[in-house]
Each structure stands twice: as C-alpha cells, then as structure tokens.
Amino acid sequence: MATQLGSESPCKGARRKSRNGNIITNIRQCQITGQGFSRGTQLPEALLQERDKLAKWHGIPVLLQGLHESSHLNSDFTHTRSVLKELSSLLSMEAMSFVTEDRKTVQESSFPNTYTFDLFGGVDLLVEILMRPTLTALKKKPKMNDDLVKDCLSVLYNCCICTEGVTKSLAARDDFVLFLFTLMTNRKTFLQTATLIEDILGVKKEMIQLEDIPNLCGLVQSFDQQQLANFCRILSVTISEPDLGNDDKHTLLAKNAQQKRNASPSSAELNQVTLLNIPGFIERLCKLATRKVSEAPGASSFLRELEDWYSWLDNVMVLDAFMLMATDEAELSSTESSDDGSLVASPLRHRLPQSMKTVHEIMYKVEVLYVLCVLLMGRQRNMVHKMLAEFRLIPGLNNLFDKLIWKYPPTNHVVHGQNENCDCSPEISFKIQFLRLLQSFSDHHENKYLLLNSQELNELSAISLKANIPEVEALVNTDRSLVCDGKKGLLTRLLTVMKREPPDSSFRFWQARAVESFLRGATSYADQMFLLKRGLLEHILFCIIDSGCKSRDVLQSYFDLLGELMKFNIDAFKRFNNYVNTDEKFQMFLTQINSSLVDSNMLVRCIVLSLDRFESQTGDVKVVEVLSECALLSYMARVENRLSFLFRLVNIINVQTLTQENVSCLNTSLVILMLARRRAKLPFYLGVLREKEYAEKYPGCLLNNFHNLLRFWQHHYLNKDKDSTCLENSSCIPFSFWKETVSVLLEQDRTSPCAIASYIDEPYMDLDQDLLED
C-alpha cells in the first residue's frame, strides 16, 4: 500500500485528484474482493489527515479510527460516545437536507459525509459495536449503555436515508436484522430500533420469517400499547404479499402460473399464522383501534393544524422528539396503565398542541387497522372474524365514528384508485383504512350484521315478515351482545356521511365498496330494502347522472353497488323508474354505462338476471306493472340490446389481458348465454355473433377469442383451490349449470348447434393454440 500511495511528489497539484481516486479505488477494491485492509481507517492516520482537507472528508476517517480504538468491550465507552456525537453532527444535517429535499449542499461534494462514513467502514463498525456483546463467550453478556445504542442506531438510520446501498447491505445481513428485534425490548431504544427495522425490511429481498425472531411472543407481550402500535408498522411489511404493482393489472394467466409454481403457503401467510398464535395479540389490537382520544378544542382549526403538523412530521427528522416522549412515558408507566395510554398522560404530551395529540393517535390507528385488514383477508379469515367479533371491534369503531373517524366536515380530495399509492395525510389515510376494514369485514361473511344495532336488526326482521319471506340465517344467528350500541349502527352512520361527500371525493370509492360488501353474497331482499329506505338508490343515481362525477373509479364503485342493490328487487326497479323519469336522464344513464363496460358490466349482469326472473313472475301484478313501465327493463328486454352488450363484452378482453378487474366481463357474457341456453336460444345468439364478425370484416376473430376465453375459464374456475360459490351466489345460477354451459360451448363436434366451433368456418379455425401453458 505504501508503494501505491507513495509520498508527496513535487507535482503535488497535478496529482492530487488522481491519488485521491487511488485511495477510494483501493478501499472499494478491498471491500469487494475481501483482500487487503477491510476498512479505510486501517490506513495510516498521518496519511488520512494529510488527504482529509483536500478530499473534503471533514475528519471522518480519523474520527472512525478513534471510534474503533475506543469501542472495545472493556472500555467505559465515554470517549466512544464523544466521538460518535461528533460524527453524528456531521451526518445529521446531511440527512435532514435529504429529507427536506434540499440536496444542493450534499450534491456539491463528490463524496458527501455519509458516503465517506460508509466508505471508511463506519456502517460496518457500528454494526460490530452493537452486536459485540452477543459474540462474547461469557455466560453473562455485557450490557451496552442505552445512550450509545441510541446514537449508533440514529447514525445508521441517517446513513440509510442518504447513502444508496447502505439499507440493502444491512438488509442482506440476517443476523443483524434478527438482532435488531432484541433491542426492541428496551423502551429507551425502541423507537430508533423500530424506525431502522422498518427501513431495512422495506428493501429486503426475502421476507423475514417472524418465527425466527428470538422469543417473539415474549417480545410482543412486553410492549405497551404505544410500542405495539409502532410495531404494527413493521408487521405490515411482514404479513403483506410483496407489492409488484397494481394487483388488478396482473394478468390472471400469470397469477395462475405463479400459484402453480408456489403451491405452499407464502412467507406472508406463515407470518400471519405466527402472529395469530401470540396470546392476546388480536385483543390488544382491538383495544388500540377503539380506544378514545381527547378531543381537539376547536373543530374549525383542526384540519389546518393537522396538516401543519403532518408537514412537519413528513419533512423533518423528529425522531429525537419522539424518543424523549417515549422516555417520559416509560418513566410514568410504573404508575399508569399502558393499555389506557400513558400517551395522553405524559408531561411532554401536555405541552404539545391538541391537534398533535390527535394526529399521533390517528397515525397509530392507521397502522393497527391495516394489520387487522390484512389478517381479515388472509387464509385464517374465519378465526380472525371470530376474535374481532368477540373483542367488539365494530361497536368500538362505531363509538369513535362521530368523535374521531368522521367528525369534521368533508373536504375535496384527489381521487385515488383502489391500489394506487398516494401520499395522504393521516386523516385521509385513517378514513380510507377504516373503510377498507369495513369492506373486508362485511364481504361474504355472516358477521356483517354486527354493523347494525339491535333496533336495525329488528327492522330487518320486520321487513322479512312483511314480505312473507324467511329471515336470513346469518341474521337469526347474530349475537345481539356483539352488535353496535347507540341510536345508529356503523352502516347507517356510513350512509349518512356518504351522502355528504363531494362528487369526486376519493372517499366515495371506498364508501361505496364498503356498503357493497354488505350486500354481496346471496341476495337478501331485507338488506336491500333496509338501504333503499334510507335513500341510497336515489343518491347513487344522482351521482351517476346529475353530479357531473368524472372519476372512473368512483363511477365503477357506484355501478357495482347499484347492481347489488337492485338485483332481483322489483321495488328497486320501481324506484329507479321514478328517479329516471325523463328520456334525457335515461340517455345520460345509458351513456355512462356504455362509456366503459369494464366498469359497468356488473350492473348489466344485474339487469339481465333480474329481467329473466321477473319475466317468470307474470302472475304477480306488481311485477307486471313494473315490467311494462320501467324503461331500463324494457331496454334490456330487446334482444338486439343484449346481443350488443354480449358482442362488446367478448370483444374487449382476451386471455392475455384478463385481470381480476376485467374477468367479470367474461362472466357477464356467460350469464347472457346461460340465460339464452335456458330458453333454447343459444344457437341463435352464436349465429348472430358469427354474422357480426362477418359484418365487421374479421370472420373467426371474435369466436376464436371467446373459445380461448372459455378454455381459460375452465382452467381458472375448475381449479380445486378456487372458490366458485361467489359466482353461484351472485347469479342464483347453480355452478353446475355454469360448468355445463361452458362444456357445451367448447364441444369439438362441429355439428353441435351449441358449440362455438360450429360457427367458425374452417379457414378461420384457430382453436389449437394453447395459451394456458406456463
């Protein structure tokens, strides 16, 4: 090395840059190959001091040498902390400039402080210092000073923010990642540790296995409620499937192939089971989600204060302030209950603005609700449902609804799609996460009736009695001690705020999804009437026809909700006709439907299914009256209109582009053909499709495409792991008839009048192409 670096030459100025590059190059080369010195601080101190000013290292290499020499286990670490503080001051301002997006100062140097710190082995040295006590052979492990641990963690976090690759290199060290979890047992180092772990897990290639964390059960049970809420931020990374973009945009073909390759449970699924096996875990999350928070003194100034504090939180490193808060709370924990929130009792908390206290609690609840939502959508859904009901999550959220969740007047918000990443304020995130939880809770589950109170349940029973139909079994089996309290249930409160939202509010999408999930599954006349009595249908039609709403996401959610609300319900169609009482309104409604069939096809399916049932009930005077008067039913009764929808539905999808979002178009086209088959009209429909192909001058194209789609349908829905009850419940058509119809359409006998192959001329046959191979 002495030869390479040499001594100062007479041509000092001309060679400074080259020799500085040699030092950097050699350090990197040694780090990559593992040969030579392992860190830059092993260079002679004199050389480092000589090159320091010229290279703008700000004394970092020399300080790292001092840090290394003073950090042995037998030292008192006094000098270590002093050196680390000095290093921290050099790095913290740089980290702050990155966070606040003021990177000008950092970019002026080729080797900013954090880069230099990492280059000369600073990151590796801090990891070594932190883990050194675990490597000793002594039975009684030496304990490091808490303040030193906090300083090490803070510097590592700064490096992760500013230096590309540091977070990834730390994530690659499984031993260090698991070690970090052991530091969470110490209240004084908890927040720094949690923040660093969250950053590391966010870039880790392979998901960590929670069962590998030493004494996870004891660790979680040792957390107070505030710590548990922060821990949920980490858990959210470990129980969610890897985000590969917008889930709806992944083709079903690719998903099916991936599921075939990965038949065993995923890491996320295994982690969910691990969490559910921790005694008391779900109960504590329910308490966190539903605990009350002191109210802000002035509602009018709340949102402004909230946004100000959120901007401060988002743009400035305030970790130390939160650490101080945590320390204060730790000192109070011996006299106050952690479950009821030393968070509110801390002296520091009393010095913070009221809106800051509220936003703090809101941020906690966002993380908790997210974890509960993921668990509700997992394979252990029924177990989670049982626990959430037992621990009265829904009544607790109902009690918070007016005081916290939707206390303040609605404001205009940018529209965000179902899976679109967005930088939302805590208030917006909280509302959306709350609505997502309601959607997951209600969707195809009998516990949905917990969203009502006792009086509302009685109303459902009365509706069934008046209509002379049996009560839904799930309603009869609902435990009345677990339903909502107060004058209104959670579903009714949601309907109230839903009507107040501006037309393009992002909340409309999630509100409609949450209400629709209550209706999904086997159609319940009583459930529909409960919502119709509260003016939901008129509100939806106003949004679609009169409000000027342009958001496709919001319109799609309202089409889907309208379909569930009107399906098989003659009263709903009568109400529809009363609202859409002019040709102008009806044409506007049709325009909205036709503008995007991917968005509106579920409503089209509802109308087709309902018409089919009503036409079989001609002995009912009320049904006959509505059939003769309702413009919507009359429109769909014309066979040319049904055929037009069928042609377009098949034409806008193909096997390669099928996603979770548009596969409904395939099922809606199948519904139209199944109903035609029941009436012995299937050959007629297939013949019209053939004529349409020739008229459009692409013979065979549509029917070949439809044939391939149906082959995919068999491959997808006849899979033993696929739940087909949704198709059966939503259509009231037995799944056996679905399968039979698809088999009939796919028959290879070209003499069969119901086989697609019979309607494709020989030159245009393209049925042998196998698109279903991996």
# chains A, B, ... in the order shown; residues from 1 in each chain; ligands from 1
call {"tool": "select_by_dssp", "arguments": {"residues": "stretch 128-167 of chain A", "states": "alpha helix (DSSP H)", "output": "list of chain:residue names"}}
result
A:Glu128, A:Ile129, A:Leu130, A:Met131, A:Asp146, A:Asp147, A:Leu148, A:Val149, A:Lys150, A:Asp151, A:Cys152, A:Leu153, A:Ser154, A:Val155, A:Leu156, A:Tyr157, A:Asn158, A:Cys159, A:Cys160, A:Ile161, A:Cys162, A:Val166, A:Thr167
call {"tool": "residues_around", "arguments": {"residues": "A:Asp175", "least_positions_apart": "2", "cutoff": "12 Å", "atoms": "only C-alpha atoms", "output": "compact mmCIF listing (two decimals) with all heavy atoms, in the first residue's frame"}}
result
# COMPACT_ATOMS: atom_id res chain seq x y z
N VAL A 127 -22.31 -1.60 13.27
CA VAL A 127 -22.95 -2.92 13.40
C VAL A 127 -22.13 -3.80 14.33
O VAL A 127 -22.67 -4.50 15.19
CB VAL A 127 -23.11 -3.58 12.01
CG1 VAL A 127 -23.56 -5.03 12.16
CG2 VAL A 127 -24.10 -2.80 11.15
N GLU A 128 -20.81 -3.73 14.17
CA GLU A 128 -19.92 -4.53 15.02
C GLU A 128 -20.03 -4.10 16.48
O GLU A 128 -20.09 -4.94 17.38
CB GLU A 128 -18.48 -4.35 14.52
CG GLU A 128 -17.44 -5.15 15.29
CD GLU A 128 -16.04 -4.85 14.79
OE1 GLU A 128 -15.87 -4.71 13.56
OE2 GLU A 128 -15.12 -4.75 15.63
N LEU A 130 -22.61 -2.66 17.98
CA LEU A 130 -23.92 -3.06 18.51
C LEU A 130 -23.98 -4.55 18.82
O LEU A 130 -24.55 -4.97 19.84
CB LEU A 130 -25.02 -2.70 17.50
CG LEU A 130 -25.37 -1.22 17.37
CD1 LEU A 130 -26.29 -0.99 16.17
CD2 LEU A 130 -26.06 -0.71 18.64
N MET A 131 -23.40 -5.36 17.96
CA MET A 131 -23.53 -6.80 18.10
C MET A 131 -22.43 -7.43 18.95
O MET A 131 -22.50 -8.62 19.29
CB MET A 131 -23.55 -7.47 16.72
CG MET A 131 -24.73 -7.09 15.86
SD MET A 131 -24.85 -8.10 14.36
CE MET A 131 -25.26 -9.71 15.05
N THR A 134 -23.11 -9.77 21.91
CA THR A 134 -23.71 -11.08 21.62
C THR A 134 -22.67 -12.09 21.18
O THR A 134 -22.96 -13.29 21.12
CB THR A 134 -24.76 -10.95 20.50
OG1 THR A 134 -24.11 -10.63 19.25
CG2 THR A 134 -25.78 -9.88 20.82
N LEU A 135 -21.47 -11.62 20.87
CA LEU A 135 -20.43 -12.51 20.35
C LEU A 135 -19.48 -13.02 21.42
O LEU A 135 -18.62 -13.84 21.14
CB LEU A 135 -19.63 -11.79 19.24
CG LEU A 135 -20.46 -11.22 18.08
CD1 LEU A 135 -19.57 -10.48 17.10
CD2 LEU A 135 -21.22 -12.33 17.36
N LEU A 170 -27.42 -3.71 4.81
CA LEU A 170 -27.87 -4.10 6.15
C LEU A 170 -28.97 -5.17 6.05
O LEU A 170 -29.01 -6.11 6.85
CB LEU A 170 -28.40 -2.89 6.91
CG LEU A 170 -27.36 -1.82 7.31
CD1 LEU A 170 -28.05 -0.65 8.00
CD2 LEU A 170 -26.30 -2.42 8.23
N ALA A 171 -29.84 -5.03 5.07
CA ALA A 171 -30.93 -5.99 4.90
C ALA A 171 -30.41 -7.37 4.54
O ALA A 171 -31.05 -8.39 4.84
CB ALA A 171 -31.89 -5.51 3.82
N ALA A 172 -29.24 -7.41 3.89
CA ALA A 172 -28.67 -8.70 3.49
C ALA A 172 -28.09 -9.46 4.67
O ALA A 172 -27.79 -10.66 4.56
CB ALA A 172 -27.59 -8.48 2.43
N ARG A 173 -27.92 -8.79 5.81
CA ARG A 173 -27.35 -9.43 7.00
C ARG A 173 -28.47 -9.92 7.91
O ARG A 173 -28.98 -9.18 8.76
CB ARG A 173 -26.43 -8.45 7.74
CG ARG A 173 -25.20 -8.04 6.95
CD ARG A 173 -24.20 -7.35 7.85
NE ARG A 173 -23.83 -8.17 9.01
CZ ARG A 173 -22.86 -7.85 9.86
NH1 ARG A 173 -22.16 -6.75 9.66
NH2 ARG A 173 -22.59 -8.62 10.88
N VAL A 177 -30.40 -8.20 11.28
CA VAL A 177 -31.83 -7.89 11.29
C VAL A 177 -32.51 -8.55 12.48
O VAL A 177 -33.29 -7.91 13.21
CB VAL A 177 -32.49 -8.35 9.97
CG1 VAL A 177 -34.00 -8.13 10.02
CG2 VAL A 177 -31.90 -7.59 8.78
N LEU A 178 -32.23 -9.82 12.71
CA LEU A 178 -32.83 -10.51 13.85
C LEU A 178 -32.33 -9.93 15.17
O LEU A 178 -33.08 -9.84 16.15
CB LEU A 178 -32.52 -12.01 13.79
CG LEU A 178 -33.19 -12.76 12.63
CD1 LEU A 178 -32.74 -14.21 12.61
CD2 LEU A 178 -34.71 -12.69 12.73
N PHE A 179 -31.06 -9.53 15.20
CA PHE A 179 -30.51 -8.92 16.41
C PHE A 179 -31.25 -7.62 16.76
O PHE A 179 -31.50 -7.34 17.94
CB PHE A 179 -29.02 -8.63 16.22
CG PHE A 179 -28.44 -7.69 17.24
CD1 PHE A 179 -28.17 -8.10 18.54
CD2 PHE A 179 -28.19 -6.36 16.90
CE1 PHE A 179 -27.66 -7.22 19.47
CE2 PHE A 179 -27.68 -5.47 17.84
CZ PHE A 179 -27.42 -5.90 19.13
N LEU A 180 -31.60 -6.84 15.74
CA LEU A 180 -32.29 -5.58 15.99
C LEU A 180 -33.58 -5.78 16.78
O LEU A 180 -33.94 -4.95 17.63
CB LEU A 180 -32.59 -4.86 14.67
CG LEU A 180 -31.42 -4.15 13.98
CD1 LEU A 180 -31.85 -3.58 12.64
CD2 LEU A 180 -30.84 -3.06 14.86
N PHE A 181 -34.28 -6.87 16.50
CA PHE A 181 -35.52 -7.12 17.23
C PHE A 181 -35.28 -7.28 18.73
O PHE A 181 -36.13 -6.93 19.54
CB PHE A 181 -36.22 -8.36 16.66
CG PHE A 181 -36.95 -8.10 15.38
CD1 PHE A 181 -36.35 -8.33 14.16
CD2 PHE A 181 -38.25 -7.62 15.37
CE1 PHE A 181 -37.01 -8.09 12.97
CE2 PHE A 181 -38.93 -7.37 14.20
CZ PHE A 181 -38.31 -7.61 12.98
N THR A 182 -34.11 -7.81 19.10
CA THR A 182 -33.82 -7.97 20.54
C THR A 182 -33.66 -6.62 21.22
O THR A 182 -33.87 -6.50 22.43
CB THR A 182 -32.55 -8.81 20.74
OG1 THR A 182 -31.40 -8.10 20.26
CG2 THR A 182 -32.65 -10.15 20.01
N ILE A 208 -38.71 -11.60 5.88
CA ILE A 208 -38.27 -12.19 7.13
C ILE A 208 -39.35 -13.11 7.69
O ILE A 208 -40.54 -12.87 7.50
CB ILE A 208 -37.92 -11.08 8.15
CG1 ILE A 208 -37.24 -11.69 9.39
CG2 ILE A 208 -39.17 -10.30 8.55
CD1 ILE A 208 -36.76 -10.65 10.37
N ASP A 212 -38.60 -16.72 13.32
CA ASP A 212 -37.16 -16.74 13.56
C ASP A 212 -36.72 -15.70 14.58
O ASP A 212 -35.57 -15.73 15.05
CB ASP A 212 -36.39 -16.51 12.24
CG ASP A 212 -36.56 -17.66 11.26
OD1 ASP A 212 -36.87 -18.78 11.72
OD2 ASP A 212 -36.40 -17.44 10.05
N ILE A 213 -37.60 -14.75 14.89
CA ILE A 213 -37.24 -13.71 15.87
C ILE A 213 -37.18 -14.34 17.26
O ILE A 213 -38.12 -15.00 17.70
CB ILE A 213 -38.29 -12.58 15.86
CG1 ILE A 213 -38.32 -11.90 14.48
CG2 ILE A 213 -37.99 -11.56 16.94
CD1 ILE A 213 -39.42 -10.88 14.32
N PRO A 214 -36.06 -14.15 17.95
CA PRO A 214 -35.92 -14.75 19.28
C PRO A 214 -37.04 -14.30 20.23
O PRO A 214 -37.28 -13.11 20.38
CB PRO A 214 -34.55 -14.23 19.76
CG PRO A 214 -33.81 -13.88 18.51
CD PRO A 214 -34.85 -13.41 17.55
call {"tool": "atom_distance", "arguments": {"atom1": "atom CA of A:Met602", "atom2": "atom CA of A:Asn581"}}
result
23.0 Å
call {"tool": "atom_distance", "arguments": {"atom1": "atom CA of A:Ala229", "atom2": "atom CA of A:Asn215"}}
result
18.9 Å
call {"tool": "residues_around", "arguments": {"residues": "stretch 653-656 of chain A", "least_positions_apart": "5", "cutoff": "7 Å", "atoms": "only C-alpha atoms", "output": "PyMOL selection string"}}
result
chain A and resi 251+253+705+708-709+712
call {"tool": "write_last_selection", "arguments": {"atoms": "all heavy atoms", "output": "PDB file, in the first residue's frame"}}
result
ATOM      1  N   THR A 251     -52.081 -10.081 -14.896  1.00  0.00           N
ATOM      2  CA  THR A 251     -52.978 -10.974 -15.618  1.00  0.00           C
ATOM      3  C   THR A 251     -53.248 -12.229 -14.799  1.00  0.00           C
ATOM      4  O   THR A 251     -52.384 -12.732 -14.077  1.00  0.00           O
ATOM      5  CB  THR A 251     -52.386 -11.367 -16.974  1.00  0.00           C
ATOM      6  OG1 THR A 251     -51.214 -12.161 -16.771  1.00  0.00           O
ATOM      7  CG2 THR A 251     -52.036 -10.132 -17.793  1.00  0.00           C
ATOM      8  N   LEU A 253     -53.621 -15.093 -16.017  1.00  0.00           N
ATOM      9  CA  LEU A 253     -52.790 -16.148 -16.594  1.00  0.00           C
ATOM     10  C   LEU A 253     -51.470 -16.247 -15.834  1.00  0.00           C
ATOM     11  O   LEU A 253     -51.033 -17.340 -15.451  1.00  0.00           O
ATOM     12  CB  LEU A 253     -52.531 -15.839 -18.073  1.00  0.00           C
ATOM     13  CG  LEU A 253     -52.131 -16.999 -18.981  1.00  0.00           C
ATOM     14  CD1 LEU A 253     -53.216 -18.055 -19.037  1.00  0.00           C
ATOM     15  CD2 LEU A 253     -51.819 -16.481 -20.377  1.00  0.00           C
ATOM     16  N   ASN A 705     -61.549 -15.994 -30.137  1.00  0.00           N
ATOM     17  CA  ASN A 705     -61.182 -15.342 -28.878  1.00  0.00           C
ATOM     18  C   ASN A 705     -62.064 -15.839 -27.731  1.00  0.00           C
ATOM     19  O   ASN A 705     -61.566 -16.150 -26.633  1.00  0.00           O
ATOM     20  CB  ASN A 705     -61.312 -13.826 -29.029  1.00  0.00           C
ATOM     21  CG  ASN A 705     -60.927 -13.081 -27.759  1.00  0.00           C
ATOM     22  OD1 ASN A 705     -59.867 -13.312 -27.182  1.00  0.00           O
ATOM     23  ND2 ASN A 705     -61.802 -12.204 -27.300  1.00  0.00           N
ATOM     24  N   ASN A 708     -61.123 -19.360 -26.658  1.00  0.00           N
ATOM     25  CA  ASN A 708     -59.922 -19.350 -25.797  1.00  0.00           C
ATOM     26  C   ASN A 708     -60.243 -18.849 -24.395  1.00  0.00           C
ATOM     27  O   ASN A 708     -59.719 -19.348 -23.397  1.00  0.00           O
ATOM     28  CB  ASN A 708     -58.830 -18.484 -26.429  1.00  0.00           C
ATOM     29  CG  ASN A 708     -58.158 -19.166 -27.604  1.00  0.00           C
ATOM     30  OD1 ASN A 708     -58.031 -20.389 -27.637  1.00  0.00           O
ATOM     31  ND2 ASN A 708     -57.740 -18.381 -28.580  1.00  0.00           N
ATOM     32  N   LEU A 709     -61.114 -17.855 -24.328  1.00  0.00           N
ATOM     33  CA  LEU A 709     -61.518 -17.320 -23.020  1.00  0.00           C
ATOM     34  C   LEU A 709     -62.223 -18.384 -22.184  1.00  0.00           C
ATOM     35  O   LEU A 709     -61.993 -18.498 -20.969  1.00  0.00           O
ATOM     36  CB  LEU A 709     -62.427 -16.102 -23.206  1.00  0.00           C
ATOM     37  CG  LEU A 709     -61.750 -14.798 -23.627  1.00  0.00           C
ATOM     38  CD1 LEU A 709     -62.781 -13.780 -24.104  1.00  0.00           C
ATOM     39  CD2 LEU A 709     -60.929 -14.219 -22.482  1.00  0.00           C
ATOM     40  N   PHE A 712     -59.837 -20.870 -20.837  1.00  0.00           N
ATOM     41  CA  PHE A 712     -59.191 -20.306 -19.652  1.00  0.00           C
ATOM     42  C   PHE A 712     -60.145 -20.372 -18.456  1.00  0.00           C
ATOM     43  O   PHE A 712     -59.723 -20.663 -17.331  1.00  0.00           O
ATOM     44  CB  PHE A 712     -58.781 -18.848 -19.896  1.00  0.00           C
ATOM     45  CG  PHE A 712     -58.295 -18.171 -18.644  1.00  0.00           C
ATOM     46  CD1 PHE A 712     -56.989 -18.325 -18.222  1.00  0.00           C
ATOM     47  CD2 PHE A 712     -59.163 -17.412 -17.855  1.00  0.00           C
ATOM     48  CE1 PHE A 712     -56.541 -17.732 -17.052  1.00  0.00           C
ATOM     49  CE2 PHE A 712     -58.725 -16.830 -16.689  1.00  0.00           C
ATOM     50  CZ  PHE A 712     -57.413 -16.981 -16.283  1.00  0.00           C
TER      51      PHE A 712
END
call {"tool": "closest_residue", "arguments": {"among": "A:Ile469, A:Val83, A:Ile234, A:Leu658", "to": "A:Asn256", "atoms": "only C-alpha atoms"}}
result
A:Leu658
call {"tool": "residues_around", "arguments": {"residues": "stretch 563-567 of chain A", "least_positions_apart": "5", "cutoff": "6 Å", "atoms": "only C-alpha atoms", "output": "list of chain:residue names"}}
result
A:Gln528, A:Ala572, A:Leu603, A:Cys606, A:Ser610
call {"tool": "atom_distance", "arguments": {"atom1": "atom CA of A:Glu640", "atom2": "atom CA of A:Leu590"}}
result
15.1 Å
call {"tool": "closest_residue", "arguments": {"among": "A:Leu210, A:Leu64, A:Ala95, A:Met498", "to": "A:Ala514", "atoms": "only C-alpha atoms"}}
result
A:Met498
call {"tool": "residues_around", "arguments": {"residues": "stretch 613-621 of chain A", "least_positions_apart": "4", "cutoff": "12 Å", "atoms": "only C-alpha atoms", "output": "PyMOL selection string"}}
result
chain A and resi 567-571+573+606-609+625-628+630+633-634+636-637+675+679+731-733
call {"tool": "write_last_selection", "arguments": {"atoms": "C-alpha atoms", "output": "PDB file, in the first residue's frame"}}
result
ATOM      1  CA  LYS A 567     -80.669  -7.321  -8.214  1.00  0.00           C
ATOM      2  CA  PHE A 568     -83.970  -9.284  -8.257  1.00  0.00           C
ATOM      3  CA  ASN A 569     -85.653  -6.440  -6.338  1.00  0.00           C
ATOM      4  CA  ILE A 570     -88.785  -5.199  -8.109  1.00  0.00           C
ATOM      5  CA  ASP A 571     -89.140  -2.305  -5.635  1.00  0.00           C
ATOM      6  CA  PHE A 573     -86.544  -1.047 -10.283  1.00  0.00           C
ATOM      7  CA  CYS A 606     -77.786  -7.497 -12.591  1.00  0.00           C
ATOM      8  CA  ILE A 607     -80.306  -6.099 -15.071  1.00  0.00           C
ATOM      9  CA  VAL A 608     -80.162  -9.204 -17.310  1.00  0.00           C
ATOM     10  CA  LEU A 609     -80.573 -11.582 -14.348  1.00  0.00           C
ATOM     11  CA  GLU A 625     -96.737  -3.294 -13.765  1.00  0.00           C
ATOM     12  CA  VAL A 626     -93.035  -2.511 -13.314  1.00  0.00           C
ATOM     13  CA  LEU A 627     -92.083  -4.599 -16.354  1.00  0.00           C
ATOM     14  CA  SER A 628     -94.425  -2.539 -18.502  1.00  0.00           C
ATOM     15  CA  CYS A 630     -89.601   0.548 -16.368  1.00  0.00           C
ATOM     16  CA  LEU A 633     -86.113  -3.341 -18.140  1.00  0.00           C
ATOM     17  CA  SER A 634     -87.756  -2.556 -21.462  1.00  0.00           C
ATOM     18  CA  MET A 636     -82.745  -4.859 -21.806  1.00  0.00           C
ATOM     19  CA  ALA A 637     -85.750  -6.922 -22.922  1.00  0.00           C
ATOM     20  CA  LEU A 675     -79.982 -17.498 -19.839  1.00  0.00           C
ATOM     21  CA  ARG A 679     -84.679 -20.632 -23.289  1.00  0.00           C
ATOM     22  CA  SER A 731     -76.223 -15.066 -10.061  1.00  0.00           C
ATOM     23  CA  CYS A 732     -78.517 -17.568  -8.290  1.00  0.00           C
ATOM     24  CA  ILE A 733     -77.486 -19.985 -11.049  1.00  0.00           C
TER      25      ILE A 733
END
call {"tool": "residues_around", "arguments": {"residues": "A:Leu689", "least_positions_apart": "6", "cutoff": "9 Å", "atoms": "only C-alpha atoms", "output": "number ranges by chain"}}
result
A: 643, 646-647, 702-703, 759
call {"tool": "write_last_selection", "arguments": {"atoms": "N, CA and C atoms", "output": "PDB file, in the first residue's frame"}}
result
ATOM      1  N   LEU A 643     -77.639  -8.599 -27.220  1.00  0.00           N
ATOM      2  CA  LEU A 643     -76.605  -9.080 -28.133  1.00  0.00           C
ATOM      3  C   LEU A 643     -75.498  -8.048 -28.325  1.00  0.00           C
ATOM      4  N   LEU A 646     -73.312  -8.340 -25.363  1.00  0.00           N
ATOM      5  CA  LEU A 646     -72.542  -9.583 -25.447  1.00  0.00           C
ATOM      6  C   LEU A 646     -71.350  -9.423 -26.390  1.00  0.00           C
ATOM      7  N   PHE A 647     -71.608  -8.868 -27.564  1.00  0.00           N
ATOM      8  CA  PHE A 647     -70.551  -8.689 -28.564  1.00  0.00           C
ATOM      9  C   PHE A 647     -69.423  -7.819 -28.003  1.00  0.00           C
ATOM     10  N   LEU A 702     -63.664 -13.021 -33.308  1.00  0.00           N
ATOM     11  CA  LEU A 702     -64.400 -12.922 -32.052  1.00  0.00           C
ATOM     12  C   LEU A 702     -64.641 -14.298 -31.439  1.00  0.00           C
ATOM     13  N   LEU A 703     -65.101 -15.246 -32.245  1.00  0.00           N
ATOM     14  CA  LEU A 703     -65.441 -16.562 -31.717  1.00  0.00           C
ATOM     15  C   LEU A 703     -64.207 -17.359 -31.316  1.00  0.00           C
ATOM     16  N   TYR A 759     -69.619 -22.522 -35.533  1.00  0.00           N
ATOM     17  CA  TYR A 759     -69.895 -21.211 -36.131  1.00  0.00           C
ATOM     18  C   TYR A 759     -68.633 -20.520 -36.659  1.00  0.00           C
TER      19      TYR A 759
END
call {"tool": "decode", "arguments": {"residues": "stretch 645-662 of chain A", "atoms": "N, CA and C atoms", "output": "compact mmCIF listing (two decimals), in the first residue's frame"}}
result
# COMPACT_ATOMS: atom_id res chain seq x y z
N PHE A 645 -74.50 -5.88 -26.06
CA PHE A 645 -73.65 -5.98 -24.87
C PHE A 645 -72.75 -7.21 -24.94
N LEU A 646 -73.31 -8.34 -25.36
CA LEU A 646 -72.54 -9.58 -25.45
C LEU A 646 -71.35 -9.42 -26.39
N PHE A 647 -71.61 -8.87 -27.56
CA PHE A 647 -70.55 -8.69 -28.56
C PHE A 647 -69.42 -7.82 -28.00
N ARG A 648 -69.78 -6.73 -27.36
CA ARG A 648 -68.77 -5.81 -26.84
C ARG A 648 -68.01 -6.40 -25.65
N LEU A 649 -68.71 -7.14 -24.81
CA LEU A 649 -68.06 -7.74 -23.64
C LEU A 649 -66.98 -8.73 -24.06
N VAL A 650 -67.30 -9.55 -25.06
CA VAL A 650 -66.32 -10.54 -25.53
C VAL A 650 -65.18 -9.86 -26.29
N ASN A 651 -65.49 -8.75 -26.90
CA ASN A 651 -64.51 -8.09 -27.78
C ASN A 651 -63.47 -7.27 -27.01
N ILE A 652 -63.75 -6.91 -25.75
CA ILE A 652 -62.82 -6.01 -25.04
C ILE A 652 -61.83 -6.78 -24.16
N ILE A 653 -61.90 -8.11 -24.17
CA ILE A 653 -60.98 -8.89 -23.35
C ILE A 653 -60.40 -10.04 -24.17
N ASN A 654 -59.25 -10.52 -23.77
CA ASN A 654 -58.69 -11.76 -24.29
C ASN A 654 -57.89 -12.43 -23.18
N VAL A 655 -57.46 -13.65 -23.41
CA VAL A 655 -56.80 -14.42 -22.35
C VAL A 655 -55.57 -13.70 -21.81
N GLN A 656 -54.80 -13.11 -22.71
CA GLN A 656 -53.56 -12.47 -22.28
C GLN A 656 -53.78 -11.22 -21.45
N THR A 657 -54.95 -10.59 -21.57
CA THR A 657 -55.20 -9.34 -20.84
C THR A 657 -56.21 -9.49 -19.70
N LEU A 658 -56.65 -10.71 -19.42
CA LEU A 658 -57.61 -10.92 -18.33
C LEU A 658 -56.96 -10.60 -16.99
N THR A 659 -57.65 -9.80 -16.20
CA THR A 659 -57.18 -9.46 -14.85
C THR A 659 -58.34 -9.65 -13.87
N GLN A 660 -58.04 -9.47 -12.60
CA GLN A 660 -59.09 -9.55 -11.59
C GLN A 660 -60.14 -8.47 -11.81
N GLU A 661 -59.73 -7.39 -12.46
CA GLU A 661 -60.64 -6.27 -12.69
C GLU A 661 -61.60 -6.54 -13.83
N ASN A 662 -61.12 -7.16 -14.92
CA ASN A 662 -61.98 -7.29 -16.10
C ASN A 662 -62.50 -8.70 -16.35
